[in-house]
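Shown below: structure_19.csv, with CSV, C-alpha atoms.
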```
chain,number,residue,atom,x,y,z
H,101,MET,CA,-43.3,131.1,-145.5
H,102,ASN,CA,-40.4,133.4,-144.3
H,103,LYS,CA,-38.4,130.3,-143.4
H,104,MET,CA,-38.8,128.9,-146.9
H,105,LYS,CA,-37.7,132.2,-148.4
H,106,ASN,CA,-34.6,132.2,-146.1
H,107,MET,CA,-33.8,128.7,-147.1
H,108,GLY,CA,-34.1,129.7,-150.7
H,109,LYS,CA,-31.7,132.5,-150.2
H,110,THR,CA,-29.3,130.2,-148.4
H,111,GLU,CA,-29.4,127.7,-151.3
H,112,LYS,CA,-28.8,130.5,-153.8
H,113,LEU,CA,-25.9,131.8,-151.8
H,114,LYS,CA,-24.4,128.3,-151.6
H,115,LYS,CA,-24.7,127.9,-155.4
H,116,HIS,CA,-23.2,131.4,-155.9
H,117,LEU,CA,-20.2,130.8,-153.6
H,118,ASP,CA,-19.6,127.4,-155.2
H,119,LYS,CA,-20.0,128.5,-158.8
H,120,PHE,CA,-17.6,131.5,-158.4
H,121,ILE,CA,-14.8,129.8,-156.5
H,122,PRO,CA,-12.4,130.3,-159.5
H,123,VAL,CA,-13.2,134.0,-159.3
H,124,TYR,CA,-13.3,134.6,-155.5
H,125,VAL,CA,-10.1,132.6,-154.7
H,126,PRO,CA,-7.8,134.8,-156.8
H,127,ILE,CA,-9.5,137.9,-155.5
H,128,LEU,CA,-9.0,136.8,-151.9
H,129,MET,CA,-5.4,135.8,-152.6
H,130,THR,CA,-4.7,139.3,-154.1
H,131,ILE,CA,-6.4,141.2,-151.3
H,132,GLY,CA,-4.5,139.0,-148.7
H,133,LEU,CA,-1.2,139.9,-150.3
H,134,PHE,CA,-1.9,143.6,-150.5
H,135,ILE,CA,-3.0,143.7,-146.9
H,136,GLY,CA,-0.3,141.3,-145.6
H,137,LEU,CA,2.8,143.0,-147.2
H,138,PRO,CA,2.6,146.3,-145.2
H,139,LEU,CA,1.4,144.5,-142.1
H,140,HIS,CA,4.2,141.9,-142.1
H,141,HIS,CA,5.8,143.1,-138.9
H,142,GLN,CA,2.6,143.3,-136.9
H,143,ILE,CA,1.5,139.8,-138.1
H,144,THR,CA,4.9,138.4,-137.0
H,145,MET,CA,4.6,140.0,-133.6
H,146,ASN,CA,1.1,138.6,-133.1
H,147,LYS,CA,1.7,135.1,-134.5
H,148,SER,CA,-0.1,133.3,-131.6
H,149,ILE,CA,-3.2,135.4,-132.2
H,150,PHE,CA,-3.3,134.5,-135.9
H,151,SER,CA,-2.7,130.8,-135.0
H,152,ILE,CA,-5.8,130.8,-132.8
H,153,LEU,CA,-7.8,132.7,-135.5
H,154,ASN,CA,-6.7,130.2,-138.2
H,155,LEU,CA,-7.9,127.3,-135.9
H,156,ILE,CA,-11.3,128.9,-135.3
H,157,VAL,CA,-11.8,129.5,-139.0
H,158,VAL,CA,-10.8,125.9,-139.9
H,159,LEU,CA,-13.1,124.5,-137.3
H,160,THR,CA,-15.9,126.7,-138.7
H,161,MET,CA,-15.2,125.2,-142.1
H,162,ILE,CA,-14.9,121.6,-141.2
H,163,TYR,CA,-17.6,121.3,-138.4
H,164,PRO,CA,-20.5,121.9,-140.8
H,165,MET,CA,-19.2,119.2,-143.2
H,166,MET,CA,-19.3,116.7,-140.3
H,167,VAL,CA,-22.9,117.7,-139.3
H,168,GLY,CA,-24.0,117.0,-142.8
H,169,LEU,CA,-22.2,113.6,-142.9
H,170,ASN,CA,-24.5,110.6,-142.3
H,171,MET,CA,-22.2,108.2,-140.3
H,172,SER,CA,-25.1,105.7,-140.0
H,173,GLU,CA,-24.6,104.8,-143.7
H,174,MET,CA,-21.3,103.0,-142.6
H,175,LYS,CA,-23.4,100.0,-141.5
H,176,ASN,CA,-23.9,99.2,-145.2
H,177,SER,CA,-20.2,99.2,-146.0
H,178,PHE,CA,-19.6,95.5,-145.7
H,179,ARG,CA,-21.9,94.6,-148.7
H,180,MET,CA,-19.8,96.8,-151.0
H,181,TRP,CA,-16.3,96.1,-149.6
H,182,LYS,CA,-14.6,95.7,-153.0
H,183,LEU,CA,-15.8,99.1,-154.2
H,184,LEU,CA,-14.9,100.7,-150.9
H,185,LEU,CA,-11.4,99.2,-150.9
H,186,PHE,CA,-10.8,100.4,-154.4
H,187,GLY,CA,-12.1,103.8,-153.6
H,188,LEU,CA,-10.0,104.1,-150.5
H,189,VAL,CA,-6.8,103.1,-152.3
H,190,MET,CA,-7.5,105.6,-155.1
H,191,GLY,CA,-8.3,108.3,-152.5
H,192,LEU,CA,-5.6,107.8,-149.8
H,193,VAL,CA,-2.7,105.8,-151.4
H,194,TYR,CA,-2.6,106.6,-155.1
H,195,PRO,CA,-2.7,110.5,-154.9
H,196,PRO,CA,0.5,111.1,-152.9
H,197,VAL,CA,2.4,108.6,-155.0
H,198,ILE,CA,1.4,110.0,-158.3
H,199,MET,CA,2.0,113.6,-157.1
H,200,TYR,CA,5.5,112.7,-155.9
H,201,LEU,CA,6.3,111.3,-159.4
H,202,LEU,CA,4.9,114.5,-161.0
H,203,SER,CA,7.1,116.6,-158.7
H,204,LEU,CA,10.1,114.7,-160.0
H,205,ILE,CA,9.2,115.5,-163.6
H,206,ILE,CA,8.5,119.2,-162.7
H,207,PRO,CA,11.2,120.3,-160.1
H,208,LEU,CA,9.8,122.5,-157.4
H,209,ASN,CA,10.8,124.2,-154.2
H,210,SER,CA,10.9,121.4,-151.6
H,211,TYR,CA,8.3,123.1,-149.3
H,212,LEU,CA,5.9,123.6,-152.3
H,213,ALA,CA,6.4,120.0,-153.4
H,214,PHE,CA,5.7,118.8,-149.9
H,215,GLY,CA,2.6,121.0,-149.9
H,216,LEU,CA,1.4,119.4,-153.1
H,217,ILE,CA,1.8,116.0,-151.5
H,218,LEU,CA,-0.2,117.2,-148.4
H,219,ALA,CA,-2.9,118.8,-150.7
H,220,VAL,CA,-3.7,115.4,-152.2
H,221,ALA,CA,-2.9,113.1,-149.2
H,222,VAL,CA,-5.8,114.6,-147.1
H,223,PRO,CA,-9.3,112.9,-147.2
H,224,CYS,CA,-12.0,113.8,-149.6
H,225,SER,CA,-14.4,116.7,-149.2
H,226,SER,CA,-18.1,116.3,-148.3
H,227,MET,CA,-18.6,118.2,-151.6
H,228,SER,CA,-17.8,114.9,-153.3
H,229,ILE,CA,-21.2,113.7,-152.1
H,230,ALA,CA,-22.9,116.7,-153.7
H,231,TYR,CA,-21.1,116.1,-157.0
H,232,THR,CA,-22.1,112.4,-156.9
H,233,GLY,CA,-25.7,113.3,-156.3
H,234,LEU,CA,-25.7,115.9,-159.1
H,235,SER,CA,-24.3,113.2,-161.4
H,236,LYS,CA,-27.3,110.8,-160.6
H,237,ALA,CA,-24.8,108.4,-159.0
H,238,ASN,CA,-24.4,106.4,-155.8
H,239,THR,CA,-24.5,108.9,-152.9
H,240,GLU,CA,-24.6,106.0,-150.4
H,241,LEU,CA,-21.2,104.8,-151.5
H,242,SER,CA,-19.7,108.3,-151.6
H,243,THR,CA,-21.0,109.1,-148.1
H,244,ILE,CA,-19.4,105.9,-146.7
H,245,LEU,CA,-16.2,106.7,-148.5
H,246,VAL,CA,-16.1,110.2,-147.1
H,247,ALA,CA,-16.7,109.0,-143.6
H,248,ILE,CA,-14.1,106.2,-143.7
H,249,SER,CA,-11.6,108.4,-145.4
H,250,PHE,CA,-11.7,111.0,-142.6
H,251,ILE,CA,-11.2,108.2,-140.0
H,252,LEU,CA,-8.3,106.5,-141.9
H,253,ALA,CA,-6.7,109.9,-142.5
H,254,LEU,CA,-5.6,109.9,-138.9
H,255,VAL,CA,-3.1,107.2,-139.9
H,256,THR,CA,-2.5,107.8,-143.6
H,257,VAL,CA,-1.8,111.5,-143.5
H,258,PRO,CA,1.0,111.4,-140.8
H,259,PHE,CA,2.4,108.3,-142.6
H,260,TRP,CA,2.8,110.1,-146.0
H,261,LEU,CA,4.0,113.3,-144.4
H,262,SER,CA,6.7,111.4,-142.5
H,263,ILE,CA,7.9,109.6,-145.6
H,264,PHE,CA,7.9,112.7,-147.9
H,265,GLY,CA,9.0,115.1,-145.2
H,266,SER,CA,12.3,113.2,-145.0
H,267,SER,CA,12.5,112.8,-148.8
H,268,TYR,CA,12.2,116.6,-149.3
H,269,HIS,CA,14.2,117.4,-146.1
H,270,VAL,CA,11.2,119.4,-144.8
H,271,PRO,CA,10.6,119.3,-141.1
H,272,ALA,CA,7.4,117.5,-140.4
H,273,PRO,CA,6.8,117.4,-136.6
H,274,MET,CA,4.7,114.3,-136.1
H,275,PHE,CA,3.4,115.3,-132.7
H,276,GLN,CA,2.2,118.7,-133.9
H,277,ILE,CA,0.7,117.1,-137.1
H,278,LEU,CA,-1.2,114.5,-135.1
H,279,LYS,CA,-2.4,117.1,-132.6
H,280,THR,CA,-3.6,119.3,-135.5
H,281,ILE,CA,-5.4,116.4,-137.2
H,282,ILE,CA,-7.1,115.3,-134.0
H,283,MET,CA,-8.3,118.9,-133.5
H,284,ILE,CA,-9.5,119.5,-137.0
H,285,VAL,CA,-10.9,116.0,-137.7
H,286,VAL,CA,-11.8,114.1,-134.6
H,287,ILE,CA,-13.3,116.9,-132.6
H,288,PRO,CA,-15.4,118.3,-135.5
H,289,MET,CA,-16.5,114.8,-136.4
H,290,THR,CA,-17.6,114.0,-132.8
H,291,LEU,CA,-19.4,117.4,-132.4
H,292,GLY,CA,-20.9,117.1,-135.9
H,293,TYR,CA,-22.3,113.7,-135.2
H,294,ALA,CA,-23.7,114.8,-131.9
H,295,THR,CA,-25.3,117.9,-133.5
H,296,ARG,CA,-26.8,115.8,-136.3
H,297,GLU,CA,-28.3,113.2,-133.9
H,298,SER,CA,-29.6,115.9,-131.5
H,299,ILE,CA,-31.4,117.8,-134.3
H,300,LEU,CA,-32.9,114.5,-135.7
H,301,ILE,CA,-34.1,113.3,-132.3
H,302,LYS,CA,-35.4,116.6,-131.0
H,303,LYS,CA,-36.8,118.2,-134.2
H,304,GLY,CA,-37.0,115.4,-136.8
H,305,LYS,CA,-35.8,114.9,-140.4
H,306,LYS,CA,-37.7,117.9,-141.8
H,307,ALA,CA,-36.0,120.3,-139.4
H,308,PHE,CA,-32.6,118.7,-140.2
H,309,SER,CA,-33.2,119.0,-143.9
H,310,LYS,CA,-33.9,122.7,-143.5
H,311,ALA,CA,-30.9,123.3,-141.3
H,312,LYS,CA,-28.7,121.3,-143.6
H,313,ALA,CA,-28.9,123.9,-146.3
H,314,SER,CA,-26.8,126.3,-144.3
H,315,PHE,CA,-23.9,123.9,-143.7
H,316,PRO,CA,-22.2,124.1,-147.1
H,317,VAL,CA,-22.4,127.9,-146.9
H,318,MET,CA,-20.5,128.0,-143.6
H,319,SER,CA,-17.9,125.6,-145.0
H,320,LEU,CA,-17.4,127.7,-148.2
H,321,LEU,CA,-17.1,130.9,-146.2
H,322,GLY,CA,-14.6,129.2,-143.9
H,323,MET,CA,-12.6,128.1,-146.9
H,324,TYR,CA,-12.5,131.6,-148.4
H,325,ALA,CA,-11.5,133.0,-145.0
H,326,ILE,CA,-8.6,130.6,-144.5
H,327,ILE,CA,-7.3,131.3,-148.0
H,328,PHE,CA,-7.3,135.0,-147.3
H,329,LEU,CA,-5.5,134.5,-144.0
H,330,ILE,CA,-2.8,132.3,-145.5
H,331,PHE,CA,-2.0,134.8,-148.2
H,332,MET,CA,-2.1,137.7,-145.8
H,333,GLU,CA,0.1,136.0,-143.2
H,334,LYS,CA,2.6,134.6,-145.7
H,335,ALA,CA,2.5,137.6,-148.1
H,336,THR,CA,6.3,138.3,-147.9
H,337,MET,CA,7.2,134.7,-148.4
H,338,ILE,CA,4.7,134.2,-151.3
H,339,ILE,CA,5.9,137.3,-153.1
H,340,GLY,CA,9.5,136.1,-152.8
H,341,LYS,CA,8.6,132.7,-154.4
H,342,TRP,CA,5.8,133.7,-156.8
H,343,HIS,CA,7.4,132.1,-159.8
H,344,ALA,CA,7.7,128.7,-158.0
H,345,ILE,CA,4.1,128.9,-156.9
H,346,LEU,CA,2.9,129.5,-160.5
H,347,ILE,CA,5.0,126.4,-161.5
H,348,ALA,CA,3.2,124.4,-158.9
H,349,LEU,CA,0.0,124.8,-160.9
H,350,ALA,CA,1.4,122.5,-163.6
H,351,PRO,CA,1.7,119.3,-161.5
H,352,LEU,CA,-1.7,120.0,-160.0
H,353,SER,CA,-3.3,120.3,-163.4
H,354,LEU,CA,-1.6,117.1,-164.6
H,355,TYR,CA,-2.7,115.3,-161.5
H,356,TYR,CA,-6.4,116.0,-162.1
H,357,ALA,CA,-6.2,115.3,-165.8
H,358,ILE,CA,-4.3,112.0,-165.4
H,359,THR,CA,-6.4,110.8,-162.5
H,360,LEU,CA,-9.8,111.5,-164.0
H,361,THR,CA,-8.7,109.8,-167.3
H,362,PHE,CA,-7.1,106.8,-165.5
H,363,LEU,CA,-10.1,106.2,-163.2
H,364,THR,CA,-12.5,106.4,-166.2
H,365,MET,CA,-10.5,103.9,-168.2
H,366,ILE,CA,-9.9,101.4,-165.4
H,367,ASP,CA,-13.5,101.5,-164.2
H,368,VAL,CA,-14.7,100.9,-167.8
H,369,ALA,CA,-12.2,98.1,-168.2
H,370,PHE,CA,-13.2,96.4,-164.9
H,371,ARG,CA,-16.9,96.8,-165.6
H,372,VAL,CA,-17.7,99.1,-162.7
H,373,ARG,CA,-21.2,100.4,-162.8
H,374,TYR,CA,-21.5,104.1,-163.8
H,375,ARG,CA,-23.2,105.0,-160.5
H,376,ASP,CA,-20.3,103.5,-158.5
H,377,HIS,CA,-17.7,104.9,-160.8
H,378,MET,CA,-18.8,108.5,-160.2
H,379,ALA,CA,-18.9,108.0,-156.5
H,380,ILE,CA,-15.4,106.6,-156.4
H,381,THR,CA,-14.1,109.3,-158.8
H,382,PHE,CA,-15.4,112.3,-156.9
H,383,THR,CA,-14.3,111.0,-153.5
H,384,SER,CA,-10.9,110.0,-154.9
H,385,VAL,CA,-10.2,113.3,-156.7
H,386,GLY,CA,-12.1,115.9,-154.6
H,387,LYS,CA,-9.8,116.8,-151.7
H,388,ASN,CA,-10.5,118.7,-148.5
H,389,GLU,CA,-8.1,121.7,-149.0
H,390,GLY,CA,-9.1,123.2,-145.7
H,391,THR,CA,-7.7,120.2,-143.8
H,392,ALA,CA,-4.5,120.4,-145.8
H,393,MET,CA,-4.1,124.1,-145.1
H,394,ALA,CA,-4.8,123.6,-141.4
H,395,ILE,CA,-2.3,120.8,-141.0
H,396,ALA,CA,0.5,122.9,-142.7
H,397,LEU,CA,-0.3,125.9,-140.6
H,398,GLY,CA,-0.6,123.9,-137.4
H,399,ALA,CA,2.7,122.2,-138.1
H,400,GLY,CA,4.4,125.5,-138.6
H,401,ILE,CA,5.2,124.8,-142.3
H,402,GLY,CA,3.7,128.0,-143.8
H,403,LEU,CA,4.8,127.7,-147.4
H,404,ALA,CA,3.4,124.2,-147.6
H,405,ALA,CA,-0.1,125.6,-147.0
H,406,VAL,CA,0.1,127.6,-150.3
H,407,PRO,CA,-0.5,124.6,-152.7
H,408,ALA,CA,-3.6,123.6,-150.8
H,409,ALA,CA,-4.8,127.3,-151.0
H,410,ILE,CA,-4.4,127.3,-154.8
H,411,THR,CA,-5.8,123.8,-155.3
H,412,PRO,CA,-9.5,125.1,-155.7
H,413,LEU,CA,-8.4,127.0,-158.8
H,414,ILE,CA,-7.6,123.7,-160.5
H,415,GLN,CA,-9.8,121.2,-158.6
H,416,ILE,CA,-13.2,122.9,-159.0
H,417,PRO,CA,-13.1,123.5,-162.8
H,418,PHE,CA,-12.0,119.8,-163.4
H,419,LEU,CA,-14.6,118.3,-161.1
H,420,VAL,CA,-17.4,120.6,-162.3
H,421,THR,CA,-16.6,119.9,-166.0
H,422,TYR,CA,-16.5,116.1,-165.2
H,423,MET,CA,-19.9,116.4,-163.5
H,424,LYS,CA,-21.4,118.3,-166.4
H,425,LEU,CA,-20.2,115.6,-168.8
H,426,HIS,CA,-21.9,112.9,-166.7
H,427,TRP,CA,-24.4,112.0,-169.4
H,428,LYS,CA,-21.6,111.4,-171.9
H,429,ILE,CA,-19.7,109.4,-169.3
H,430,ALA,CA,-22.8,107.4,-168.5
H,431,GLY,CA,-23.0,106.7,-172.2
H,432,ILE,CA,-19.5,105.3,-172.3
H,433,PHE,CA,-20.3,102.9,-169.4
H,434,ALA,CA,-23.7,101.9,-171.1
H,435,LYS,CA,-22.0,101.1,-174.4
H,436,LYS,CA,-19.4,98.9,-172.6
H,437,SER,CA,-22.3,97.1,-170.8
H,438,LEU,CA,-24.2,96.6,-174.1
H,439,ALA,CA,-21.0,95.3,-175.8
H,440,LEU,CA,-20.5,92.8,-173.0
H,441,VAL,CA,-24.1,91.6,-173.2
H,442,SER,CA,-23.7,91.2,-177.0
H,443,GLU,CA,-20.5,89.2,-176.6
H,444,TYR,CA,-22.2,87.0,-174.1
H,445,GLU,CA,-25.3,86.4,-176.3
H,446,LEU,CA,-23.0,85.6,-179.3
H,447,HIS,CA,-21.1,83.1,-177.2
H,448,GLU,CA,-24.4,81.5,-176.1
H,449,LEU,CA,-25.5,81.2,-179.8
H,450,GLU,CA,-22.2,79.6,-180.8
H,451,GLU,CA,-22.5,77.1,-178.0
H,452,SER,CA,-26.1,76.2,-179.0
```
Produce structure tokens that represent the structure in this file.
Amino acid sequence: MNKMKNMGKTEKLKKHLDKFIPVYVPILMTIGLFIGLPLHHQITMNKSIFSILNLIVVLTMIYPMMVGLNMSEMKNSFRMWKLLLFGLVMGLVYPPVIMYLLSLIIPLNSYLAFGLILAVAVPCSSMSIAYTGLSKANTELSTILVAISFILALVTVPFWLSIFGSSYHVPAPMFQILKTIIMIVVIPMTLGYATRESILIKKGKKAFSKAKASFPVMSLLGMYAIIFLIFMEKATMIIGKWHAILIALAPLSLYYAITLTFLTMIDVAFRVRYRDHMAITFTSVGKNEGTAMAIALGAGIGLAAVPAAITPLIQIPFLVTYMKLHWKIAGIFAKKSLALVSEYELHELEES
């Protein structure tokens, strides 16, 4: 009985932390700045300690995501290869290209522009699966997309950073970036899979389901912690470029508005099922900001971590709004399907 009460509390905490992201993120940014400014010298002197702290926090954030990820679903990927291919292109190829074009329209500091590319080039978040489930959509497809995206990110993220690093004249040390990606993706993924299988084998599905409730809480707390650390460690730099950082919110907002609209229109046009559309949309648009922040910090490109830190302020409201409108979106897809059926029936009548 106590365990059930504790699980209830965990679920409530998760919902609270998730719901109030737009509130907590600005608060943590502000606290980080106020603490970081007077401690600038001490932080600089203890840079190596903060690097280790950042890594620990990032691993604390990403590891629980990997435990909750059902890698065994990947065996079903071949029977939906067209949807997977489209989802992966929209998640790993389209975002950095469209963000680059937006950064040309809205001129930015080169490091911030590079940071925006990084913020959307990273793989999707495991929260994409939750959004898909809440929209009564295809969680199997979203789970496979999340798993494959993390694996492909080992190649796609360094590729995009190499291209846009030279374009923006931002140093993008590939060895350091690859090492960081391996540490924050491959190691947590391996340990997460091992943990998941261990719990399932030793204690069964019920025990895993109970334990699973605490994973999103750990990830959210980790994300809050890394945002605080970035703004504390880079306080002087951020204050010096505050106007440029505010401008960076514009291309981010445009990116989410354009992408959600484009995906809805193209999926309706190509007769994609509503359930599959929502899975593709959330995994394409919902990005893992923690991975982006960790890569920027690990590569020693501090200012490039800031766009990823402010991304939740824009990403969460857009995705939550889209999720809450899922019945209306389902209606659009249903009307299109009915229209197609009517056209087919009319054609059959004409032929007869």
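The shortest atom-to-atom distance to H:Thr160, with only C-alpha atoms taken into account, belongs to H:Leu320 out of H:Ile301, H:Leu403, H:Ile395, H:Leu320.
The residue that comes closest to H:Ile429, out of H:Ala219, H:Ala272, H:Met365, H:Leu155 and on the basis of only C-alpha atoms, is H:Met365.
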Selected residue, from H:Tyr355, H:Tyr124, H:Tyr422, H:Phe134, that lies nearest to H:Ile339 when counting only C-alpha atoms: H:Phe134
Taking (-4.6, 130.2, -143.6) as a centre in this file's frame and 8 Å as the limit, can you find every polymer residue with an atom that close, using all atoms listed in the file, and give them as an NGL selection string? :H and (154 or 325-331 or 333 or 393-394 or 397 or 405 or 409)
Taking C-alpha atoms for each residue, export the selection above as a PDB file, in the coordinates of the input.
```pdb
ATOM      1  CA  ASN H 154      -6.700 130.200-138.200  1.00  0.00           C
ATOM      2  CA  ALA H 325     -11.500 133.000-145.000  1.00  0.00           C
ATOM      3  CA  ILE H 326      -8.600 130.600-144.500  1.00  0.00           C
ATOM      4  CA  ILE H 327      -7.300 131.300-148.000  1.00  0.00           C
ATOM      5  CA  PHE H 328      -7.300 135.000-147.300  1.00  0.00           C
ATOM      6  CA  LEU H 329      -5.500 134.500-144.000  1.00  0.00           C
ATOM      7  CA  ILE H 330      -2.800 132.300-145.500  1.00  0.00           C
ATOM      8  CA  PHE H 331      -2.000 134.800-148.200  1.00  0.00           C
ATOM      9  CA  GLU H 333       0.100 136.000-143.200  1.00  0.00           C
ATOM     10  CA  MET H 393      -4.100 124.100-145.100  1.00  0.00           C
ATOM     11  CA  ALA H 394      -4.800 123.600-141.400  1.00  0.00           C
ATOM     12  CA  LEU H 397      -0.300 125.900-140.600  1.00  0.00           C
ATOM     13  CA  ALA H 405      -0.100 125.600-147.000  1.00  0.00           C
ATOM     14  CA  ALA H 409      -4.800 127.300-151.000  1.00  0.00           C
TER      15      ALA H 409
END
```
Residue list as number ranges by chain for point (-20.0, 118.1, -154.0), cut-off 12 Å, all atoms listed in the file: H: 114-115, 118-119, 165, 168, 224-235, 237, 239, 242-243, 246, 316, 319-320, 378-379, 381-383, 385-388, 415-416, 419-420, 422-423
Please measure the separation of atom CA of H:Pro288 and atom CA of H:Gly322, giving the value in Å to one decimal. 13.8 Å
Separation of atom CA of H:Leu216 and atom CA of H:Ala408, in Å? 6.9 Å
Since fewer atoms than expected are present, regenerate N, CA and C atoms for stretch 129-151 of chain H and write them as a short mmCIF file (atom, residue, chain, number, x, y, z; two decimals), in the frame of the given file.
```
data_model
loop_
_atom_site.label_atom_id
_atom_site.label_comp_id
_atom_site.auth_asym_id
_atom_site.auth_seq_id
_atom_site.Cartn_x
_atom_site.Cartn_y
_atom_site.Cartn_z
N MET H 129 -6.83 135.95 -152.64
CA MET H 129 -5.40 135.80 -152.60
C MET H 129 -4.73 137.21 -152.80
N THR H 130 -5.23 137.96 -153.78
CA THR H 130 -4.70 139.30 -154.10
C THR H 130 -4.89 140.26 -152.94
N ILE H 131 -6.10 140.28 -152.39
CA ILE H 131 -6.40 141.20 -151.30
C ILE H 131 -5.51 140.81 -150.06
N GLY H 132 -5.38 139.49 -149.83
CA GLY H 132 -4.50 139.00 -148.70
C GLY H 132 -3.10 139.49 -148.86
N LEU H 133 -2.57 139.42 -150.08
CA LEU H 133 -1.20 139.90 -150.30
C LEU H 133 -1.04 141.36 -150.11
N PHE H 134 -1.98 142.15 -150.64
CA PHE H 134 -1.90 143.60 -150.50
C PHE H 134 -2.01 144.07 -149.06
N ILE H 135 -2.82 143.36 -148.28
CA ILE H 135 -3.00 143.70 -146.90
C ILE H 135 -1.76 143.19 -146.06
N GLY H 136 -1.31 141.99 -146.40
CA GLY H 136 -0.30 141.30 -145.60
C GLY H 136 1.12 141.97 -145.77
N LEU H 137 1.44 142.48 -146.95
CA LEU H 137 2.80 143.00 -147.20
C LEU H 137 3.10 144.20 -146.22
N PRO H 138 2.25 145.23 -146.14
CA PRO H 138 2.60 146.30 -145.20
C PRO H 138 2.43 145.97 -143.74
N LEU H 139 1.67 144.91 -143.45
CA LEU H 139 1.40 144.50 -142.10
C LEU H 139 2.33 143.35 -141.62
N HIS H 140 3.38 143.07 -142.40
CA HIS H 140 4.20 141.90 -142.10
C HIS H 140 4.77 141.90 -140.69
N HIS H 141 5.26 143.05 -140.23
CA HIS H 141 5.80 143.10 -138.90
C HIS H 141 4.79 142.87 -137.80
N GLN H 142 3.63 143.49 -137.94
CA GLN H 142 2.60 143.30 -136.90
C GLN H 142 2.06 141.86 -136.90
N ILE H 143 1.98 141.24 -138.08
CA ILE H 143 1.50 139.80 -138.10
C ILE H 143 2.55 138.93 -137.44
N THR H 144 3.82 139.19 -137.68
CA THR H 144 4.90 138.40 -137.00
C THR H 144 4.85 138.56 -135.53
N MET H 145 4.60 139.77 -135.08
CA MET H 145 4.60 140.00 -133.60
C MET H 145 3.36 139.38 -132.96
N ASN H 146 2.30 139.19 -133.70
CA ASN H 146 1.10 138.60 -133.10
C ASN H 146 0.78 137.21 -133.71
N LYS H 147 1.83 136.44 -133.86
CA LYS H 147 1.70 135.10 -134.50
C LYS H 147 0.76 134.20 -133.75
N SER H 148 0.80 134.23 -132.42
CA SER H 148 -0.10 133.30 -131.60
C SER H 148 -1.54 133.67 -131.81
N ILE H 149 -1.85 134.97 -131.95
CA ILE H 149 -3.20 135.40 -132.20
C ILE H 149 -3.75 134.88 -133.49
N PHE H 150 -2.90 134.98 -134.53
CA PHE H 150 -3.30 134.50 -135.90
C PHE H 150 -3.43 132.97 -135.88
N SER H 151 -2.61 132.28 -135.09
CA SER H 151 -2.70 130.80 -135.00
C SER H 151 -4.08 130.40 -134.45
#
```
